[in-house]
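**Q** PDB, C-alpha atoms, file target_5.pdb:
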ATOM      1  CA  MET V   1       0.000   0.000   0.000
ATOM      2  CA  LYS V   2       1.257   3.492  -0.836
ATOM      3  CA  HIS V   3       1.454   6.207   1.803
ATOM      4  CA  THR V   4       2.298   9.913   1.641
ATOM      5  CA  LEU V   5       4.181  11.270   4.638
ATOM      6  CA  SER V   6       4.718  14.886   5.609
ATOM      7  CA  VAL V   7       7.825  15.355   7.745
ATOM      8  CA  LEU V   8       8.733  18.659   9.377
ATOM      9  CA  VAL V   9      12.470  18.954  10.013
ATOM     10  CA  GLU V  10      14.865  21.553  11.303
ATOM     11  CA  ASN V  11      16.378  23.322   8.315
ATOM     12  CA  LYS V  12      19.902  21.969   8.927
ATOM     13  CA  PRO V  13      22.427  20.073   6.788
ATOM     14  CA  GLY V  14      22.034  16.288   6.828
ATOM     15  CA  ALA V  15      18.353  16.064   7.818
ATOM     16  CA  LEU V  16      17.254  14.757   4.397
ATOM     17  CA  THR V  17      20.166  12.317   4.222
ATOM     18  CA  ARG V  18      19.321  10.797   7.601
ATOM     19  CA  ILE V  19      15.691  10.258   6.593
ATOM     20  CA  THR V  20      16.387   8.776   3.147
ATOM     21  CA  SER V  21      19.141   6.554   4.588
ATOM     22  CA  MET V  22      16.702   5.166   7.143
ATOM     23  CA  PHE V  23      14.327   4.135   4.324
ATOM     24  CA  ALA V  24      17.179   2.600   2.316
ATOM     25  CA  ARG V  25      18.424   0.575   5.315
ATOM     26  CA  ARG V  26      14.941  -0.897   5.748
ATOM     27  CA  GLY V  27      14.599  -1.749   2.052
ATOM     28  CA  PHE V  28      11.801   0.703   1.247
ATOM     29  CA  ASN V  29      11.784   2.513  -2.062
ATOM     30  CA  ILE V  30      10.859   6.187  -1.978
ATOM     31  CA  GLU V  31       8.556   6.671  -4.955
ATOM     32  CA  SER V  32       8.361  10.468  -4.710
ATOM     33  CA  LEU V  33      10.297  13.065  -2.722
ATOM     34  CA  ALA V  34       9.860  16.834  -2.445
ATOM     35  CA  VAL V  35      11.592  19.179  -0.013
ATOM     36  CA  GLY V  36      10.973  22.864   0.531
ATOM     37  CA  PRO V  37      10.670  25.686   3.021
ATOM     38  CA  THR V  38       7.666  26.250   5.271
ATOM     39  CA  GLU V  39       6.121  29.322   6.853
ATOM     40  CA  ARG V  40       9.018  29.222   9.350
ATOM     41  CA  HIS V  41      12.512  30.000   8.043
ATOM     42  CA  ASP V  42      14.137  27.409  10.339
ATOM     43  CA  VAL V  43      11.811  24.507   9.328
ATOM     44  CA  SER V  44      11.561  22.549   6.067
ATOM     45  CA  ARG V  45       8.864  20.103   4.934
ATOM     46  CA  ILE V  46       9.793  16.786   3.350
ATOM     47  CA  THR V  47       6.925  15.097   1.528
ATOM     48  CA  LEU V  48       7.604  11.514   0.518
ATOM     49  CA  ARG V  49       5.593   8.701  -0.981
ATOM     50  CA  VAL V  50       6.470   5.122  -0.025
ATOM     51  CA  ASP V  51       5.039   1.692  -0.721
ATOM     52  CA  CYS V  52       4.727  -0.319   2.479
ATOM     53  CA  GLU V  53       2.259  -2.124   4.722
ATOM     54  CA  THR V  54       0.512  -0.331   7.594
ATOM     55  CA  MET V  55       2.497  -1.995  10.398
ATOM     56  CA  PRO V  56       5.943  -1.172   8.964
ATOM     57  CA  LEU V  57       4.654   2.379   8.354
ATOM     58  CA  GLU V  58       4.012   2.798  12.081
ATOM     59  CA  GLN V  59       7.526   1.520  12.786
ATOM     60  CA  ILE V  60       8.961   3.929  10.200
ATOM     61  CA  GLU V  61       7.151   6.868  11.797
ATOM     62  CA  LYS V  62       8.517   5.901  15.235
ATOM     63  CA  GLN V  63      12.033   5.572  13.826
ATOM     64  CA  MET V  64      11.806   8.967  12.095
ATOM     65  CA  HIS V  65      10.756  10.617  15.358
ATOM     66  CA  LYS V  66      14.010   9.345  16.883
ATOM     67  CA  LEU V  67      16.128  11.033  14.197
ATOM     68  CA  VAL V  68      17.914  14.266  14.967
ATOM     69  CA  ASN V  69      16.235  17.277  13.339
ATOM     70  CA  VAL V  70      12.799  15.599  12.875
ATOM     71  CA  LEU V  71      10.077  17.721  14.475
ATOM     72  CA  ARG V  72       6.847  16.042  13.307
ATOM     73  CA  VAL V  73       5.732  13.148  11.102
ATOM     74  CA  ALA V  74       2.188  12.871   9.738
ATOM     75  CA  GLU V  75       0.548  10.687   7.122
ATOM     76  CA  LEU V  76      -1.467  12.590   4.520
ATOM     77  CA  THR V  77      -4.539  10.405   4.235
ATOM     78  CA  PRO V  78      -6.742  10.528   1.135
ATOM     79  CA  GLY V  79      -9.831  12.643   1.646
ATOM     80  CA  GLU V  80      -8.278  14.463   4.581
ATOM     81  CA  SER V  81      -5.486  16.089   2.583
ATOM     82  CA  ILE V  82      -4.782  17.925  -0.647
ATOM     83  CA  GLU V  83      -1.948  16.610  -2.824
ATOM     84  CA  ARG V  84      -0.496  18.266  -5.906
ATOM     85  CA  GLU V  85       2.318  17.705  -8.356
ATOM     86  CA  LEU V  86       3.949  19.926 -10.961
ATOM     87  CA  ALA V  87       4.897  18.443 -14.335
ATOM     88  CA  LEU V  88       6.456  19.688 -17.559
ATOM     89  CA  MET V  89       5.880  17.609 -20.710
ATOM     90  CA  LYS V  90       7.389  18.189 -24.126
ATOM     91  CA  VAL V  91       5.089  16.661 -26.751
ATOM     92  CA  SER V  92       5.586  16.328 -30.513
ATOM     93  CA  ALA V  93       3.223  18.806 -32.167
ATOM     94  CA  PRO V  94       3.276  18.990 -35.942
ATOM     95  CA  PRO V  95       1.052  21.840 -37.238
ATOM     96  CA  GLY V  96      -1.844  19.480 -38.035
ATOM     97  CA  LYS V  97      -2.033  18.141 -34.451
ATOM     98  CA  ARG V  98      -1.528  21.373 -32.464
ATOM     99  CA  ALA V  99      -5.191  22.317 -32.113
ATOM    100  CA  GLU V 100      -6.053  18.828 -30.864
ATOM    101  CA  LEU V 101      -3.193  18.866 -28.339
ATOM    102  CA  MET V 102      -4.044  22.351 -27.106
ATOM    103  CA  ALA V 103      -7.689  21.340 -26.638
ATOM    104  CA  LEU V 104      -6.553  18.291 -24.690
ATOM    105  CA  GLY V 105      -4.377  20.552 -22.545
ATOM    106  CA  GLU V 106      -7.353  22.814 -21.807
ATOM    107  CA  VAL V 107      -9.358  19.864 -20.480
ATOM    108  CA  PHE V 108      -6.615  19.275 -17.873
ATOM    109  CA  ASN V 109      -5.955  22.980 -17.243
ATOM    110  CA  ALA V 110      -2.468  22.506 -18.666
ATOM    111  CA  ARG V 111      -0.712  25.736 -19.565
ATOM    112  CA  VAL V 112       1.403  26.012 -22.714
ATOM    113  CA  ALA V 113       4.794  26.914 -21.247
ATOM    114  CA  ASP V 114       6.650  26.903 -24.593
ATOM    115  CA  LEU V 115       5.748  26.482 -28.231
ATOM    116  CA  GLY V 116       8.266  25.442 -30.858
ATOM    117  CA  PRO V 117       8.003  24.569 -34.538
ATOM    118  CA  ASP V 118       7.573  20.836 -33.842
ATOM    119  CA  ALA V 119       6.759  20.571 -30.120
ATOM    120  CA  ILE V 120       4.708  22.013 -27.261
ATOM    121  CA  VAL V 121       5.821  22.104 -23.623
ATOM    122  CA  PHE V 122       2.855  21.755 -21.262
ATOM    123  CA  GLU V 123       2.890  22.755 -17.601
ATOM    124  CA  LEU V 124       0.460  21.065 -15.210
ATOM    125  CA  CYS V 125      -0.140  21.602 -11.523
ATOM    126  CA  CYS V 126      -2.795  19.194 -10.333
ATOM    127  CA  ALA V 127      -3.500  15.986  -8.452
ATOM    128  CA  PRO V 128      -0.868  13.322  -9.254
ATOM    129  CA  GLU V 129      -3.565  11.066 -10.742
ATOM    130  CA  ASP V 130      -4.489  13.817 -13.231
ATOM    131  CA  VAL V 131      -0.831  14.199 -14.222
ATOM    132  CA  ASP V 132      -0.786  10.417 -14.845
ATOM    133  CA  SER V 133      -3.922  10.662 -17.014
ATOM    134  CA  PHE V 134      -2.628  13.580 -19.089
ATOM    135  CA  GLU V 135       0.715  11.815 -19.573
ATOM    136  CA  GLU V 136      -1.061   8.685 -20.792
ATOM    137  CA  LEU V 137      -3.133  10.685 -23.313
ATOM    138  CA  VAL V 138      -0.245  12.686 -24.791
ATOM    139  CA  ARG V 139       2.123   9.698 -24.943
ATOM    140  CA  SER V 140       0.456   8.495 -28.158
ATOM    141  CA  HIS V 141       1.203  11.907 -29.740
ATOM    142  CA  GLY V 142       4.913  11.513 -29.016
ATOM    143  CA  LEU V 143       6.006  12.371 -25.493
ATOM    144  CA  GLN V 144       9.580  13.598 -25.960
ATOM    145  CA  GLU V 145      10.504  14.610 -22.417
ATOM    146  CA  LEU V 146       8.869  14.580 -18.999
ATOM    147  CA  VAL V 147       9.798  15.909 -15.574
ATOM    148  CA  ARG V 148       7.693  15.729 -12.405
ATOM    149  CA  THR V 149       8.364  17.364  -9.055
ATOM    150  CA  GLY V 150       6.987  14.679  -6.785
ATOM    151  CA  ARG V 151       3.996  15.056  -4.492
ATOM    152  CA  ILE V 152       3.470  17.841  -2.046
ATOM    153  CA  GLY V 153       0.520  18.031   0.277
ATOM    154  CA  LEU V 154      -1.187  19.508   3.304
ATOM    155  CA  GLY V 155      -4.055  18.489   5.535
ATOM    156  CA  ARG V 156      -7.391  19.972   4.493
ATOM    157  CA  ALA V 157      -8.418  23.329   5.936
ATOM    158  CA  ASN V 158     -11.921  22.072   6.691
ATOM    159  CA  LYS V 159     -11.151  18.826   8.492
ATOM    160  CA  PRO V 160     -14.248  17.260  10.012
ATOM    161  CA  LYS V 161     -14.173  17.407  13.799
ATOM    162  CA  PRO V 162     -14.338  14.089  15.629
ATOM    163  CA  ASN V 163     -17.619  13.276  17.319
ATOM    164  CA  ARG V 164     -17.362  14.153  20.975
ATOM    165  CA  PRO V 165     -19.825  13.040  23.611
ATOM    166  CA  ARG V 166     -22.087  15.828  24.765
ATOM    167  CA  GLN V 167     -21.605  17.064  28.254
ATOM    168  CA  HIS V 168     -24.792  17.540  30.166
ATOM    169  CA  VAL V 169     -25.015  20.359  32.677
ATOM    170  CA  LEU V 170     -27.208  19.634  35.638
ATOM    171  CA  ALA V 171     -29.037  22.638  37.121
TER
END
As a first step, turn the structure in this file into structure tokens.

**A**
Amino acid sequence: MKHTLSVLVENKPGALTRITSMFARRGFNIESLAVGPTERHDVSRITLRVDCETMPLEQIEKQMHKLVNVLRVAELTPGESIERELALMKVSAPPGKRAELMALGEVFNARVADLGPDAIVFELCCAPEDVDSFEELVRSHGLQELVRTGRIGLGRANKPKPNRPRQHVLA
């Protein structure tokens, strides 16, 4: 099963290396990795996607909490989080196919980042599954190059509150 983890770390040299080494030592492949600053200048967010069972995931989270520089580890669960990915795709675009490709791009809200005599470079920022779908559709037109950033994500702003028992006040 695939899981997306959001890890807050102190913005110090070696934090990323310690985390990725821990995954490598345990034989887990990191499918996607994105690192960037947060609202605090001294904290970075590492978002990674791994394929593992639920029990080893709990062990991984416990092990990450023991690492120097790790402040918080949270799983981004589907439905309770928003995940996005940025992609650039260079697609063969002879003059007779351009209108069709541009219409396809509009369906996915892909922006034309560059237009050459024989190719179009599309830019997408959307859910990773939508990037997969667009890639699959343009591949038949001649996908020349592709680069993806890896997932990033945050918990939803409107998380449902857990049901709490009502407290009764006796008069």

**Q** Return the single residue from V:His3, V:His141, V:His65, V:Arg156 that is closest to Asn29 of chain V, with distances computed using only C-alpha atoms.

**A** V:His3

**Q** Can you list, as a list in words, the residues that the PyMOL selection byres ((chain V and resi 67-74) around 7) selects here?

**A** Leu5, Ser6, Val7, Leu8, Val9, Glu10, Ala15, Glu61, Gln63, Met64, His65, Lys66, Glu75 and Leu76 of chain V

**Q** From the set V:Pro95, V:Ser32, V:Phe23, V:Pro78, which residue has the shortest atom-to-atom contact distance to Thr47 of chain V, counting only C-alpha atoms?

**A** V:Ser32

**Q** Measure the distance from atom CA of Arg84 of chain V to atom CA of Leu137 of chain V in Å and round it to one decimal.

**A** 19.2 Å

**Q** Between V:Ala157, V:Val112, V:Leu57, V:Met22, single out the one closest to Ala87 of chain V, counting all atoms listed in the file.

**A** V:Val112

**Q** Please report the interatomic distance between atom CA of Leu104 of chain V and atom CA of Pro117 of chain V in Å with one decimal.

**A**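 About the pair atom CA of Leu104 of chain V and atom CA of Pro117 of chain V: they are 18.7 Å apart.
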
**Q** In Å, how far is it from atom CA of Leu143 of chain V to atom CA of Val50 of chain V?

**A** 26.5 Å

**Q** Apply the PyMOL selection byres ((chain V and resi 147) around 8) to the file shown and report the selected residues as a short mmCIF file (atom, residue, chain, number, x, y, z; two decimals) with C-alpha atoms, keeping the file's coordinate frame.

**A**
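Writing done, so here's out_26.cif:
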data_model
loop_
_atom_site.label_atom_id
_atom_site.label_comp_id
_atom_site.auth_asym_id
_atom_site.auth_seq_id
_atom_site.Cartn_x
_atom_site.Cartn_y
_atom_site.Cartn_z
CA ALA V 87 4.90 18.44 -14.34
CA LEU V 88 6.46 19.69 -17.56
CA MET V 89 5.88 17.61 -20.71
CA GLU V 145 10.50 14.61 -22.42
CA LEU V 146 8.87 14.58 -19.00
CA ARG V 148 7.69 15.73 -12.40
CA THR V 149 8.36 17.36 -9.06
#
